[in-house]
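These notes concern the structure reproduced below.
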Amino acid sequence: MQPLTQIRSRTVVLPTRDIDTDQIIPARFLTTTSREGLGAHLFADLRFGSDGEPVAGFPLNSPESEGCEILVAGNNFGCGSSREHAPWALLDHGIRAVISTEIADIFRNNSLKNGLVPVVVRQEIHDRLLASPGAEVLIDVERAMIGLPDGSEVSFPIDGFARYCLVEGIDQLGFLQQQLDEISNYEEQRPWKP
Amino acid sequence: MTTARTLFEKVWADHVVVDETPDTPAVLYIDLHLIHEVTTPQAFSLLRDKGLPVRRPDLTLATMDHSTPTTPVASLKDLLVVGESAAAQVRQMQQNCMDFGIELHDFDSEHRGIVHVIGPELGATQPGKTIVCGDSHTSTHGAFGALAFGIGTTEVGHVLATQCLLQRKPKTLAVEVSGALGSGVGAKDLILAIIGQIGVDGGTGHVIEYRGRAIEALGMDARMTVCNMSIEAGARAGMIAPDDTTFEYLRGRPRVPQDAAWDRAVARWRALPGDADAEFDRTVSIDAGTLEPMVTFGTNPGMVVGINEPVPDDTGDTSFRKALDYMQLETGKPLTETGVDVVFVGSCTNSRLSDLQQAASVLKGRRVADGVRMLVVPGSQQIKKAAEDIGLDRVFLEAGAEWRESGCSMCLGMNGDTVGRGQLSVSTSNRNFEGRQGIGARTVLASPLTAAASAIHGRIADPRPLLDEG
Ligand code: SF4
């Protein structure tokens with residue numbers, strides 16, 4: 001994974017609450033055996049009509065959303081399935097951070113392991129961001145701060161270990177592999193075996 | 001003095017290989033890793049790239065369920081009915097399991113089925129285990145007092161390579177269920193009511209423990225229905241303390257210990273329930289006696305009402321409005337006059353034998369209404385066989401329903417079993433998300449009884465009058 005310290009970008013806003021993983025990427029696109037190319041199907045049923053044409057008015061179809069790396073989404077983003085295809089699709093499309101008031105556990109976990117930054121902010125900050133699509137925002141992963149369009153800064157919660165891995169570009173599997181002796185000890189010494 | 005611990009805390013503590021610190025998460029050992037064809041190919045590719053073996057193939061169990069046809073598969077040609085890429089995914093799974101020495105319940109296995117159905121059925125799911133799968137409904141296995149949760153594909157790779165996961169300890173939420181469920185009201189209605197009460201994000205960051213008289217009274221199939229939908233409340237996992245009901249279910253199953261080892265296991269399991277004075281981070285309560293059959297009216301499982309209650313008033317929230325527009329439903333009216341196009345009885349929520357028996361009890365001697373397509377998909381080949389042994393297949397077929405091979409099927413519509421655009425489906429599955437059962441499909445979640453009653457009437461219907469008629 002590439003080290004990730006900062007993201008500075010204009011925002012694209014999707015105000016709907018409870019956007020689930022089936023909306024982020026519908027199940028019919030999960031028959032793939034690779035993680036490439038999923039961006040083409042990001043929000044497929046919201047972005048494209050039954051004729052396959054882009055839906056006018058859907059925020060990710062607007063020319064202004066071009067190049068936006070930060071998605072501001074309605075409350076409780078990413079609920080539903082454990083499909084890692086959801087963060088893969090967002091990243092493949094060019095989204096590198098999602099801001100909401102709440103982000104579902106499995107989606108958040110999956111995102112952090114792929115370099116997509118989940119940013120939870122309180123309602124008042126969220127309301128301001130929802131109201132100003134296209135505003136420029138700075139996400140400073142290293143300091144766990146977000147820089148708002150008015151120049152002010154607020155911190156956001158992020159697990160220290162996950163942040164360290166993002167900033168240093170560390171693969172968590174490598175960290176686990178360093179514990180293999182401990183794991184073997186545990187296997188040998190536990191009082192019952194599964 | 002030892003401090004009082006909850007069921008979750010006991011199972012968690014028992015599996016910590018390396019303690020969590022402010023800087024690093026805990027290394028948690030995994031006792032059972034369930035895998036299926038959709039969320040694993042990229043994880044196996046990672047192992048191949050790094051030249052790593054699967055650390056514990058003996059603790060890994062594989063099936064194929066998500067992208068598989070529910071019509072018989074005798075040859076490759078039969079597999080292609082779901083499409084080239086799904087067939088390729090299935091072939092990749094066969095290859096991966098062969099190369100890495102993992103037991104796979106393939107099309108020729110009499111134990112193939114939905115991953116969350118076969119784990120318990122084989123007795124691989126046991127109290128006190130940690131169980132993970134690249135699938136959010138892994139919470140199902142918590143019904144046995146296991147700590148079971150869904151993970152992503154990267155984490156599937158971590159478990160394949162190290163049998164461990166990096167985890168922060170979640171918080172605990174007790175859901176106390178008092179009273180007793182009324183006739184015609186079941187586990188599905190209960191869990192829908194709980195999600196309605198706490199919301200689809202009400203459990204985020206928590207492991208739920210379901211407790212109380214109404215929970216203790218449930219059989220294992222029903223407990224699995226409840227724990228299955230914990231994730232629909234955003235929870236990491238759902239758990240129920242193991243008791244005699246649990247042990248009786250497991251006794252004699254292929255993967256449980258036998259003879260003296262069984263007695264030792266039961267003795268260990270009896271120590272798992274939480275201590276009387278253990279504390280939870282949060283507690284919510286619900287009275288099972290007040291519940292009616294429940295149906296969802298919106299596009300997430302928390303948008304739910306009693307079958308005779310009106311759809312609530314518009315909250316002014318745009319997402320609420322959008323959901324009702326999508327569902328083509330109106331506020332202020334109950335769902336009971338709404339016409340039905342499709343009825344689906346299946347999924348890891350409600351496809352076990354007792355679910356099928358309930359649906360059959362309503363359908364017996366009756367016909368599915370004209371113009372309604374009803375699909376019954378057993379959760380596993382074992383359940384299919386058990387159902388056929390007691391003639392349930394005949395009941396379904398004579399009523400005009402379709403009777404299929406096991407799999408996820410219309411729960412997520414990736415195997416070609418889908419609901420058409422704009423059609424309304426009453427489904428015993430767990431997600432009524434937009435497009436979940438097919439593009440533009442409108443899903444109403446309900447119990448097997450309510451689904452069967454709706455099939456007969458051709459509109460959403462309360463099953464209780466039919467039960468009274470017998
Ligand atoms: S039945 Fe549905 S919810 Fe259950 S594992 Fe299959 S797709 Fe997932």
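Simple scheme: letters A, B, ... for chains in structure tokens order, numbers from 1 for residues in each chain, numbers from 1 for ligands in the order shown.
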
Item to check | Non-local contacts of stretch 262-279 of chain B (7 Å; only C-alpha atoms; under 2 positions in same chain excluded) as a PyMOL selection string | outcome: chain B and resi 4-7+10+127-128+241-242+257-260+281

Next on the checklist: Around ligand 1, which protein and nucleic acid residues have at least one atom no more than 10 Å from it, if we count only C-alpha atoms and all ligand atoms? List them as JSON, numbers by chain.
Outcome noted: {"A": [27, 80, 81, 82], "B": [36, 38, 64, 65, 66, 67, 113, 114, 115, 116, 117, 133, 134, 135, 136, 137, 138, 140, 228, 229, 346, 347, 348, 349, 350, 351, 377, 379, 406, 407, 408, 409, 410, 411, 412, 413, 414, 428, 429, 430, 431, 436, 437]}

Item to check | Every residue of stretch 316-464 of chain B that DSSP places in strand (DSSP E or B), as a count of residues only | outcome: 21

Item to check | Test item: chain A residues at most 7 Å from chain B, counting only C-alpha atoms, as a VMD selection string | outcome: chain A and resid 16 to 17 22 to 23 27 to 28 30 to 35 76 79 to 84 104 to 106 110 160 to 161 173 177 182 to 183 186 194

Given the selection you just returned, output its residues as a file containing C-alpha atoms, formatted as a compact mmCIF listing (two decimals), in the first residue's frame.
# COMPACT_ATOMS: atom_id res chain seq x y z
CA THR A 16 -29.09 10.21 1.35
CA ARG A 17 -28.83 8.48 4.71
CA ASP A 22 -25.89 -3.02 -2.28
CA GLN A 23 -26.28 0.56 -3.48
CA ALA A 27 -24.44 -8.01 -6.03
CA ARG A 28 -24.62 -8.86 -9.73
CA LEU A 30 -19.60 -9.54 -7.49
CA THR A 31 -18.94 -12.53 -9.72
CA THR A 32 -15.49 -11.14 -10.45
CA THR A 33 -12.32 -12.84 -9.22
CA SER A 34 -10.19 -9.70 -9.32
CA ARG A 35 -10.42 -6.33 -7.59
CA ASN A 76 -24.74 5.97 8.48
CA CYS A 79 -24.27 -0.55 6.21
CA GLY A 80 -25.10 -4.02 4.95
CA SER A 81 -22.85 -6.60 3.42
CA SER A 82 -19.17 -7.29 4.13
CA ARG A 83 -18.25 -7.03 0.43
CA GLU A 84 -14.86 -5.37 0.13
CA ALA A 104 -20.75 1.00 9.45
CA ASP A 105 -18.18 -1.23 11.19
CA ILE A 106 -17.29 -3.73 8.48
CA ASN A 110 -12.48 -2.80 4.88
CA GLY A 160 -4.08 4.79 16.09
CA PHE A 161 -2.85 1.57 14.58
CA LEU A 173 -0.75 -8.88 7.21
CA GLN A 177 3.04 -12.44 10.49
CA GLU A 182 2.90 -16.09 19.74
CA ILE A 183 0.23 -17.71 17.59
CA TYR A 186 -1.29 -20.04 21.82
CA PRO A 194 -11.26 -26.40 18.20

Item to check | Backbone DSSP call of helix (DSSP H, G or I) for stretch 111-341 of chain B, listed as a PyMOL selection string | outcome: chain B and resi 115-122+136-144+153-162+187-198+213-216+220-233+244-250+259-270+288-290+318-327+335-337

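Taking atom CA of A:Leu38 and atom CA of A:Ile25 as endpoints, the distance between them is 8.3 Å.
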
Next on the checklist: Taking 2 positions as the minimum chain separation for residues in the same chain, which residues sit within 6 Å of A:Arg122 when counting only C-alpha atoms? Answer as a list in words.
Outcome noted: Thr101, Glu124 and Ile125 of chain A

Would you save the residues of that selection, restricted to C-alpha atoms, as a short mmCIF file (atom, residue, chain, number, x, y, z; two decimals), in the first residue's frame?
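Dumped everything to selection35.cif:
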data_model
loop_
_atom_site.label_atom_id
_atom_site.label_comp_id
_atom_site.auth_asym_id
_atom_site.auth_seq_id
_atom_site.Cartn_x
_atom_site.Cartn_y
_atom_site.Cartn_z
CA THR A 101 -21.76 11.11 10.87
CA GLU A 124 -23.13 20.27 12.81
CA ILE A 125 -19.95 19.89 10.72
#
